[in-house]
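Participant: You'll find query09.txt just under this line, and it carries compact mmCIF, N, CA and C atoms.
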```txt
# COMPACT_ATOMS: atom_id res chain seq x y z
N MET A 1330 -9.35 56.31 -49.53
CA MET A 1330 -8.42 57.19 -50.20
C MET A 1330 -9.16 58.01 -51.23
N ASN A 1331 -9.09 59.29 -51.06
CA ASN A 1331 -9.83 60.13 -52.00
C ASN A 1331 -8.97 61.22 -52.63
N THR A 1332 -7.70 61.27 -52.33
CA THR A 1332 -6.85 62.28 -52.96
C THR A 1332 -5.53 61.65 -53.41
N VAL A 1333 -5.02 62.17 -54.50
CA VAL A 1333 -3.68 61.81 -54.97
C VAL A 1333 -2.95 63.11 -55.22
N THR A 1334 -1.79 63.26 -54.60
CA THR A 1334 -1.05 64.50 -54.67
C THR A 1334 0.41 64.21 -54.99
N TYR A 1335 0.99 65.02 -55.87
CA TYR A 1335 2.41 64.93 -56.14
C TYR A 1335 3.09 66.10 -55.45
N LEU A 1336 4.11 65.82 -54.65
CA LEU A 1336 4.86 66.85 -53.94
C LEU A 1336 6.22 66.99 -54.62
N PRO A 1337 6.37 67.98 -55.53
CA PRO A 1337 7.61 68.07 -56.32
C PRO A 1337 8.85 68.37 -55.49
N GLY A 1338 8.72 69.09 -54.40
CA GLY A 1338 9.87 69.42 -53.57
C GLY A 1338 10.50 68.18 -52.95
N ARG A 1339 9.66 67.19 -52.65
CA ARG A 1339 10.15 65.93 -52.05
C ARG A 1339 10.10 64.77 -53.04
N ASP A 1340 9.59 65.03 -54.25
CA ASP A 1340 9.42 64.02 -55.29
C ASP A 1340 8.69 62.80 -54.74
N GLU A 1341 7.53 63.06 -54.12
CA GLU A 1341 6.71 62.01 -53.55
C GLU A 1341 5.31 62.04 -54.14
N LEU A 1342 4.75 60.86 -54.34
CA LEU A 1342 3.37 60.70 -54.77
C LEU A 1342 2.60 60.19 -53.55
N VAL A 1343 1.59 60.95 -53.12
CA VAL A 1343 0.85 60.64 -51.91
C VAL A 1343 -0.60 60.35 -52.29
N ALA A 1344 -1.10 59.19 -51.88
CA ALA A 1344 -2.50 58.81 -52.12
C ALA A 1344 -3.16 58.60 -50.77
N GLY A 1345 -4.32 59.23 -50.58
CA GLY A 1345 -5.05 59.06 -49.33
C GLY A 1345 -4.87 60.25 -48.41
N THR A 1346 -5.53 60.16 -47.27
CA THR A 1346 -5.44 61.22 -46.27
C THR A 1346 -5.22 60.60 -44.90
N GLY A 1347 -4.73 61.38 -43.99
CA GLY A 1347 -4.52 60.91 -42.63
C GLY A 1347 -3.35 59.96 -42.52
N THR A 1348 -3.14 59.47 -41.32
CA THR A 1348 -2.03 58.55 -41.07
C THR A 1348 -2.51 57.25 -40.46
N GLY A 1349 -3.79 56.97 -40.51
CA GLY A 1349 -4.30 55.72 -39.97
C GLY A 1349 -4.31 55.71 -38.47
N ASP A 1350 -5.08 56.60 -37.86
CA ASP A 1350 -5.14 56.72 -36.40
C ASP A 1350 -5.36 55.38 -35.72
N GLY A 1351 -4.48 55.05 -34.81
CA GLY A 1351 -4.61 53.84 -34.03
C GLY A 1351 -4.17 52.58 -34.75
N GLY A 1352 -3.75 52.72 -35.97
CA GLY A 1352 -3.32 51.56 -36.75
C GLY A 1352 -1.82 51.43 -36.74
N GLY A 1353 -1.29 51.03 -37.86
CA GLY A 1353 0.15 50.85 -37.96
C GLY A 1353 0.68 51.41 -39.25
N SER A 1354 1.95 51.13 -39.49
CA SER A 1354 2.58 51.58 -40.72
C SER A 1354 3.65 50.59 -41.14
N LEU A 1355 4.02 50.69 -42.40
CA LEU A 1355 5.03 49.81 -42.95
C LEU A 1355 5.83 50.60 -43.96
N GLU A 1356 7.15 50.43 -43.94
CA GLU A 1356 8.01 51.09 -44.91
C GLU A 1356 8.89 50.03 -45.55
N SER A 1357 8.87 49.98 -46.87
CA SER A 1357 9.67 49.01 -47.60
C SER A 1357 10.22 49.69 -48.85
N GLY A 1358 11.48 49.98 -48.85
CA GLY A 1358 12.10 50.66 -49.98
C GLY A 1358 11.50 52.05 -50.20
N VAL A 1359 10.89 52.28 -51.35
CA VAL A 1359 10.33 53.58 -51.68
C VAL A 1359 8.85 53.68 -51.31
N LEU A 1360 8.28 52.62 -50.76
CA LEU A 1360 6.85 52.56 -50.46
C LEU A 1360 6.61 52.63 -48.96
N ARG A 1361 5.67 53.52 -48.56
CA ARG A 1361 5.25 53.62 -47.16
C ARG A 1361 3.72 53.53 -47.10
N LEU A 1362 3.20 52.73 -46.19
CA LEU A 1362 1.77 52.54 -46.02
C LEU A 1362 1.36 52.87 -44.58
N TRP A 1363 0.15 53.41 -44.42
CA TRP A 1363 -0.45 53.63 -43.11
C TRP A 1363 -1.85 53.04 -43.15
N TRP A 1364 -2.25 52.36 -42.09
CA TRP A 1364 -3.59 51.79 -42.02
C TRP A 1364 -4.20 52.07 -40.66
N ASP A 1365 -5.53 51.94 -40.58
CA ASP A 1365 -6.24 52.23 -39.34
C ASP A 1365 -6.46 50.93 -38.54
N GLN A 1366 -7.24 51.02 -37.48
CA GLN A 1366 -7.49 49.87 -36.60
C GLN A 1366 -8.20 48.74 -37.32
N ASP A 1367 -8.97 49.05 -38.35
CA ASP A 1367 -9.71 48.04 -39.10
C ASP A 1367 -8.89 47.47 -40.26
N LEU A 1368 -7.61 47.80 -40.31
CA LEU A 1368 -6.67 47.36 -41.35
C LEU A 1368 -7.04 47.88 -42.74
N VAL A 1369 -7.67 49.04 -42.78
CA VAL A 1369 -7.98 49.72 -44.03
C VAL A 1369 -6.82 50.68 -44.33
N ILE A 1370 -6.23 50.54 -45.52
CA ILE A 1370 -5.11 51.42 -45.88
C ILE A 1370 -5.63 52.83 -46.05
N ARG A 1371 -5.04 53.76 -45.32
CA ARG A 1371 -5.47 55.15 -45.34
C ARG A 1371 -4.55 56.05 -46.13
N ARG A 1372 -3.28 55.65 -46.27
CA ARG A 1372 -2.33 56.52 -46.97
C ARG A 1372 -1.20 55.68 -47.56
N ILE A 1373 -0.82 56.02 -48.79
CA ILE A 1373 0.31 55.39 -49.47
C ILE A 1373 1.21 56.51 -49.97
N VAL A 1374 2.50 56.37 -49.72
CA VAL A 1374 3.47 57.36 -50.19
C VAL A 1374 4.55 56.63 -50.98
N ILE A 1375 4.81 57.11 -52.20
CA ILE A 1375 5.87 56.56 -53.03
C ILE A 1375 6.95 57.63 -53.14
N SER A 1376 8.12 57.33 -52.58
CA SER A 1376 9.26 58.26 -52.64
C SER A 1376 9.96 58.11 -53.98
N ASP A 1377 10.71 59.13 -54.37
CA ASP A 1377 11.45 59.11 -55.63
C ASP A 1377 10.52 58.76 -56.78
N ALA A 1378 9.36 59.43 -56.82
CA ALA A 1378 8.28 59.09 -57.74
C ALA A 1378 8.67 59.22 -59.21
N THR A 1379 9.46 60.20 -59.56
CA THR A 1379 9.85 60.39 -60.96
C THR A 1379 10.65 59.20 -61.47
N ARG A 1380 11.62 58.76 -60.70
CA ARG A 1380 12.43 57.61 -61.11
C ARG A 1380 11.60 56.34 -61.13
N GLN A 1381 10.69 56.19 -60.16
CA GLN A 1381 9.84 55.00 -60.11
C GLN A 1381 8.93 54.93 -61.34
N LEU A 1382 8.38 56.07 -61.75
CA LEU A 1382 7.54 56.10 -62.94
C LEU A 1382 8.34 55.75 -64.19
N ARG A 1383 9.54 56.29 -64.28
CA ARG A 1383 10.41 56.00 -65.42
C ARG A 1383 10.73 54.50 -65.48
N GLU A 1384 11.05 53.90 -64.33
CA GLU A 1384 11.34 52.47 -64.27
C GLU A 1384 10.11 51.64 -64.62
N PHE A 1385 8.94 52.07 -64.15
CA PHE A 1385 7.70 51.35 -64.45
C PHE A 1385 7.44 51.35 -65.95
N ARG A 1386 7.58 52.50 -66.58
CA ARG A 1386 7.36 52.59 -68.02
C ARG A 1386 8.36 51.73 -68.79
N ARG A 1387 9.61 51.72 -68.34
CA ARG A 1387 10.64 50.92 -69.01
C ARG A 1387 10.34 49.43 -68.83
N ALA A 1388 9.96 49.04 -67.63
CA ALA A 1388 9.72 47.63 -67.33
C ALA A 1388 8.49 47.09 -68.04
N THR A 1389 7.48 47.93 -68.24
CA THR A 1389 6.26 47.46 -68.89
C THR A 1389 6.29 47.73 -70.39
N ARG A 1390 7.35 48.31 -70.87
CA ARG A 1390 7.53 48.60 -72.30
C ARG A 1390 6.38 49.41 -72.88
N ILE A 1391 6.01 50.45 -72.18
CA ILE A 1391 4.96 51.34 -72.67
C ILE A 1391 5.56 52.24 -73.74
N VAL A 1392 4.92 52.31 -74.88
CA VAL A 1392 5.40 53.13 -75.99
C VAL A 1392 4.34 54.18 -76.29
N PRO A 1393 4.69 55.45 -76.21
CA PRO A 1393 3.72 56.48 -76.57
C PRO A 1393 3.42 56.41 -78.07
N LEU A 1394 2.17 56.18 -78.42
CA LEU A 1394 1.80 55.98 -79.82
C LEU A 1394 1.81 57.27 -80.63
N ALA A 1395 1.68 58.40 -80.00
CA ALA A 1395 1.62 59.65 -80.75
C ALA A 1395 2.86 59.82 -81.61
N GLY A 1396 4.02 59.51 -81.08
CA GLY A 1396 5.24 59.65 -81.85
C GLY A 1396 5.41 58.56 -82.89
N ALA A 1397 4.97 57.34 -82.56
CA ALA A 1397 5.14 56.22 -83.48
C ALA A 1397 4.18 56.30 -84.66
N LEU A 1398 2.97 56.74 -84.42
CA LEU A 1398 1.97 56.77 -85.48
C LEU A 1398 1.89 58.09 -86.21
N GLY A 1399 2.39 59.13 -85.61
CA GLY A 1399 2.33 60.44 -86.24
C GLY A 1399 0.90 60.88 -86.46
N ARG A 1400 0.55 61.13 -87.70
CA ARG A 1400 -0.80 61.61 -88.03
C ARG A 1400 -1.67 60.52 -88.64
N VAL A 1401 -1.38 59.27 -88.33
CA VAL A 1401 -2.18 58.16 -88.85
C VAL A 1401 -3.54 58.17 -88.20
N ARG A 1402 -4.59 58.01 -89.01
CA ARG A 1402 -5.96 57.96 -88.49
C ARG A 1402 -6.48 56.54 -88.65
N ILE A 1403 -7.05 56.00 -87.59
CA ILE A 1403 -7.62 54.67 -87.62
C ILE A 1403 -9.14 54.83 -87.69
N THR A 1404 -9.74 54.31 -88.73
CA THR A 1404 -11.18 54.45 -88.93
C THR A 1404 -11.91 53.18 -88.48
N ASP A 1405 -13.22 53.26 -88.39
CA ASP A 1405 -14.03 52.09 -88.06
C ASP A 1405 -13.85 50.99 -89.11
N ALA A 1406 -13.73 51.38 -90.35
CA ALA A 1406 -13.53 50.41 -91.42
C ALA A 1406 -12.21 49.65 -91.22
N ASP A 1407 -11.15 50.37 -90.79
CA ASP A 1407 -9.86 49.72 -90.51
C ASP A 1407 -10.01 48.68 -89.40
N ILE A 1408 -10.74 49.04 -88.37
CA ILE A 1408 -10.93 48.15 -87.23
C ILE A 1408 -11.72 46.91 -87.66
N LYS A 1409 -12.78 47.10 -88.42
CA LYS A 1409 -13.59 45.96 -88.89
C LYS A 1409 -12.76 45.04 -89.79
N GLU A 1410 -11.95 45.61 -90.65
CA GLU A 1410 -11.10 44.80 -91.54
C GLU A 1410 -10.09 44.00 -90.72
N SER A 1411 -9.50 44.62 -89.72
CA SER A 1411 -8.53 43.92 -88.87
C SER A 1411 -9.19 42.79 -88.10
N ARG A 1412 -10.40 43.02 -87.59
CA ARG A 1412 -11.13 41.96 -86.89
C ARG A 1412 -11.43 40.79 -87.84
N ARG A 1413 -11.86 41.10 -89.07
CA ARG A 1413 -12.17 40.06 -90.04
C ARG A 1413 -10.93 39.22 -90.34
N GLU A 1414 -9.79 39.89 -90.53
CA GLU A 1414 -8.54 39.17 -90.80
C GLU A 1414 -8.14 38.29 -89.61
N LEU A 1415 -8.30 38.80 -88.41
CA LEU A 1415 -7.96 38.04 -87.22
C LEU A 1415 -8.85 36.81 -87.08
N LEU A 1416 -10.16 36.98 -87.31
CA LEU A 1416 -11.08 35.84 -87.23
C LEU A 1416 -10.75 34.79 -88.28
N GLU A 1417 -10.35 35.21 -89.49
CA GLU A 1417 -9.94 34.26 -90.52
C GLU A 1417 -8.73 33.46 -90.09
N ARG A 1418 -7.79 34.10 -89.40
CA ARG A 1418 -6.59 33.40 -88.92
C ARG A 1418 -6.93 32.43 -87.79
N LEU A 1419 -7.87 32.80 -86.94
CA LEU A 1419 -8.20 31.98 -85.77
C LEU A 1419 -9.14 30.82 -86.12
N GLU A 1420 -9.95 30.97 -87.15
CA GLU A 1420 -10.97 29.97 -87.48
C GLU A 1420 -10.41 28.56 -87.66
N PRO A 1421 -9.30 28.34 -88.36
CA PRO A 1421 -8.79 26.97 -88.52
C PRO A 1421 -8.37 26.31 -87.20
N ARG A 1422 -8.06 27.09 -86.19
CA ARG A 1422 -7.62 26.54 -84.90
C ARG A 1422 -8.78 26.01 -84.07
N TRP A 1423 -10.01 26.35 -84.43
CA TRP A 1423 -11.17 25.92 -83.66
C TRP A 1423 -11.72 24.73 -84.29
```
Would you mind writing the file's structure down as structure tokens?
Facilitator:
Amino acid sequence: MNTVTYLPGRDELVAGTGTGDGGGSLESGVLRLWWDQDLVIRRIVISDATRQLREFRRATRIVPLAGALGRVRITDADIKESRRELLERLEPRW
């Protein structure tokens, strides 16, 4: 698989090329797969891609940090201080 394409007219996300000549295919819900004779997946298509992406983000609780942090800058000193505090908390457990 060397290409990933979004087809907005059909709202599909397509990864790979070809249809797996001589192989088979499988369709399950919004996912379709094609593979070749050696059982190498050659193409994956996700239908209703926009809704699937929205559901994925909701299910994994991904939060865009740009809005949450605003213009907060994290420096190397902040990172080192946080690591030091974390190690202090973990040390008694060892």
Participant: With all atoms listed in the file as the atoms that count, which of A:Ala1406, A:Arg1390, A:Ile1375, A:Glu1420 lies nearest to Arg1339 of chain A?
Facilitator: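 Distance minimum relative to Arg1339 of chain A lands on A:Ile1375.
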Participant: Using only C-alpha atoms, pick whichever of A:Val1369, A:Leu1382, A:Val1333, A:Leu1419 has the shortest atom-to-atom distance to Gly1352 of chain A.
Facilitator: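 Of A:Val1369, A:Leu1382, A:Val1333, A:Leu1419, the one nearest Gly1352 of chain A is A:Val1369, counting only C-alpha atoms.
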Participant: Step one, run DSSP on the backbone; step two, keep only residues of chain A assigned to strand (DSSP E or B); then write them as a count of residues only.
Facilitator: 25
Participant: If you measure from atom CA of Ile1373 of chain A to atom CA of Pro1337 of chain A, what distance in Å do you get, rounded to one decimal?
Facilitator: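 Those two atoms sit 16.2 Å apart.
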Participant: When you draw a straight line from atom N of Glu1341 of chain A to atom C of Gln1381 of chain A, how long is it in Å?
Facilitator: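 Interatomic distance here is 11.0 Å.
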Participant: Tell me, as an NGL selection string, which residues lie within 8 Å of Val1343 of chain A, counting all atoms listed in the file; anything in the same chain fewer than 3 positions away does not count.
Facilitator: :A and (1332-1336 or 1340 or 1346 or 1372-1376)
Participant: Enumerate as a PyMOL selection string all residues of chain A assigned to alpha helix (DSSP H) by DSSP on the backbone, naming them with the chain letters and numbers the document uses.
Facilitator: chain A and resi 1378-1389+1394-1398+1405-1419
Participant: Store the residues picked out above in a file with N, CA and C atoms, as an mmCIF file, in the frame of the given file.
Facilitator:
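What landed in again.cif:
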```cif
data_model
loop_
_atom_site.group_PDB
_atom_site.id
_atom_site.type_symbol
_atom_site.label_atom_id
_atom_site.label_comp_id
_atom_site.auth_asym_id
_atom_site.auth_seq_id
_atom_site.Cartn_x
_atom_site.Cartn_y
_atom_site.Cartn_z
ATOM 1 N N ALA A 1378 9.360 59.430 -56.820
ATOM 2 C CA ALA A 1378 8.280 59.090 -57.740
ATOM 3 C C ALA A 1378 8.670 59.220 -59.210
ATOM 4 N N THR A 1379 9.460 60.200 -59.560
ATOM 5 C CA THR A 1379 9.850 60.390 -60.960
ATOM 6 C C THR A 1379 10.650 59.200 -61.470
ATOM 7 N N ARG A 1380 11.620 58.760 -60.700
ATOM 8 C CA ARG A 1380 12.430 57.610 -61.110
ATOM 9 C C ARG A 1380 11.600 56.340 -61.130
ATOM 10 N N GLN A 1381 10.690 56.190 -60.160
ATOM 11 C CA GLN A 1381 9.840 55.000 -60.110
ATOM 12 C C GLN A 1381 8.930 54.930 -61.340
ATOM 13 N N LEU A 1382 8.380 56.070 -61.750
ATOM 14 C CA LEU A 1382 7.540 56.100 -62.940
ATOM 15 C C LEU A 1382 8.340 55.750 -64.190
ATOM 16 N N ARG A 1383 9.540 56.290 -64.280
ATOM 17 C CA ARG A 1383 10.410 56.000 -65.420
ATOM 18 C C ARG A 1383 10.730 54.500 -65.480
ATOM 19 N N GLU A 1384 11.050 53.900 -64.330
ATOM 20 C CA GLU A 1384 11.340 52.470 -64.270
ATOM 21 C C GLU A 1384 10.110 51.640 -64.620
ATOM 22 N N PHE A 1385 8.940 52.070 -64.150
ATOM 23 C CA PHE A 1385 7.700 51.350 -64.450
ATOM 24 C C PHE A 1385 7.440 51.350 -65.950
ATOM 25 N N ARG A 1386 7.580 52.500 -66.580
ATOM 26 C CA ARG A 1386 7.360 52.590 -68.020
ATOM 27 C C ARG A 1386 8.360 51.730 -68.790
ATOM 28 N N ARG A 1387 9.610 51.720 -68.340
ATOM 29 C CA ARG A 1387 10.640 50.920 -69.010
ATOM 30 C C ARG A 1387 10.340 49.430 -68.830
ATOM 31 N N ALA A 1388 9.960 49.040 -67.630
ATOM 32 C CA ALA A 1388 9.720 47.630 -67.330
ATOM 33 C C ALA A 1388 8.490 47.090 -68.040
ATOM 34 N N THR A 1389 7.480 47.930 -68.240
ATOM 35 C CA THR A 1389 6.260 47.460 -68.890
ATOM 36 C C THR A 1389 6.290 47.730 -70.390
ATOM 37 N N LEU A 1394 2.170 56.180 -78.420
ATOM 38 C CA LEU A 1394 1.800 55.980 -79.820
ATOM 39 C C LEU A 1394 1.810 57.270 -80.630
ATOM 40 N N ALA A 1395 1.680 58.400 -80.000
ATOM 41 C CA ALA A 1395 1.620 59.650 -80.750
ATOM 42 C C ALA A 1395 2.860 59.820 -81.610
ATOM 43 N N GLY A 1396 4.020 59.510 -81.080
ATOM 44 C CA GLY A 1396 5.240 59.650 -81.850
ATOM 45 C C GLY A 1396 5.410 58.560 -82.890
ATOM 46 N N ALA A 1397 4.970 57.340 -82.560
ATOM 47 C CA ALA A 1397 5.140 56.220 -83.480
ATOM 48 C C ALA A 1397 4.180 56.300 -84.660
ATOM 49 N N LEU A 1398 2.970 56.740 -84.420
ATOM 50 C CA LEU A 1398 1.970 56.770 -85.480
ATOM 51 C C LEU A 1398 1.890 58.090 -86.210
ATOM 52 N N ASP A 1405 -13.220 53.260 -88.390
ATOM 53 C CA ASP A 1405 -14.030 52.090 -88.060
ATOM 54 C C ASP A 1405 -13.850 50.990 -89.110
ATOM 55 N N ALA A 1406 -13.730 51.380 -90.350
ATOM 56 C CA ALA A 1406 -13.530 50.410 -91.420
ATOM 57 C C ALA A 1406 -12.210 49.650 -91.220
ATOM 58 N N ASP A 1407 -11.150 50.370 -90.790
ATOM 59 C CA ASP A 1407 -9.860 49.720 -90.510
ATOM 60 C C ASP A 1407 -10.010 48.680 -89.400
ATOM 61 N N ILE A 1408 -10.740 49.040 -88.370
ATOM 62 C CA ILE A 1408 -10.930 48.150 -87.230
ATOM 63 C C ILE A 1408 -11.720 46.910 -87.660
ATOM 64 N N LYS A 1409 -12.780 47.100 -88.420
ATOM 65 C CA LYS A 1409 -13.590 45.960 -88.890
ATOM 66 C C LYS A 1409 -12.760 45.040 -89.790
ATOM 67 N N GLU A 1410 -11.950 45.610 -90.650
ATOM 68 C CA GLU A 1410 -11.100 44.800 -91.540
ATOM 69 C C GLU A 1410 -10.090 44.000 -90.720
ATOM 70 N N SER A 1411 -9.500 44.620 -89.720
ATOM 71 C CA SER A 1411 -8.530 43.920 -88.870
ATOM 72 C C SER A 1411 -9.190 42.790 -88.100
ATOM 73 N N ARG A 1412 -10.400 43.020 -87.590
ATOM 74 C CA ARG A 1412 -11.130 41.960 -86.890
ATOM 75 C C ARG A 1412 -11.430 40.790 -87.840
ATOM 76 N N ARG A 1413 -11.860 41.100 -89.070
ATOM 77 C CA ARG A 1413 -12.170 40.060 -90.040
ATOM 78 C C ARG A 1413 -10.930 39.220 -90.340
ATOM 79 N N GLU A 1414 -9.790 39.890 -90.530
ATOM 80 C CA GLU A 1414 -8.540 39.170 -90.800
ATOM 81 C C GLU A 1414 -8.140 38.290 -89.610
ATOM 82 N N LEU A 1415 -8.300 38.800 -88.410
ATOM 83 C CA LEU A 1415 -7.960 38.040 -87.220
ATOM 84 C C LEU A 1415 -8.850 36.810 -87.080
ATOM 85 N N LEU A 1416 -10.160 36.980 -87.310
ATOM 86 C CA LEU A 1416 -11.080 35.840 -87.230
ATOM 87 C C LEU A 1416 -10.750 34.790 -88.280
ATOM 88 N N GLU A 1417 -10.350 35.210 -89.490
ATOM 89 C CA GLU A 1417 -9.940 34.260 -90.520
ATOM 90 C C GLU A 1417 -8.730 33.460 -90.090
ATOM 91 N N ARG A 1418 -7.790 34.100 -89.400
ATOM 92 C CA ARG A 1418 -6.590 33.400 -88.920
ATOM 93 C C ARG A 1418 -6.930 32.430 -87.790
ATOM 94 N N LEU A 1419 -7.870 32.800 -86.940
ATOM 95 C CA LEU A 1419 -8.200 31.980 -85.770
ATOM 96 C C LEU A 1419 -9.140 30.820 -86.120
#
```
Participant: Grab the atom N of Glu1356 of chain A to atom CA of Phe1385 of chain A distance for me, in Å with one decimal place.
Facilitator: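 Between these atoms lies a distance of 20.5 Å.
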Participant: Restricting the calculation to all atoms listed in the file, which member of A:Pro1421, A:Gly1358, A:Gly1345, A:Gly1338 is positioned closest to Arg1371 of chain A?
Facilitator: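 The closest residue to Arg1371 of chain A is A:Gly1345.
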Participant: Could you list as a VMD selection string every residue that has an atom within 12 Å of (-1.1, 52.3, -37.8), using the file's coordinates and counting only C-alpha atoms?
Facilitator: chain A and resid 1347 to 1356 1361 to 1372
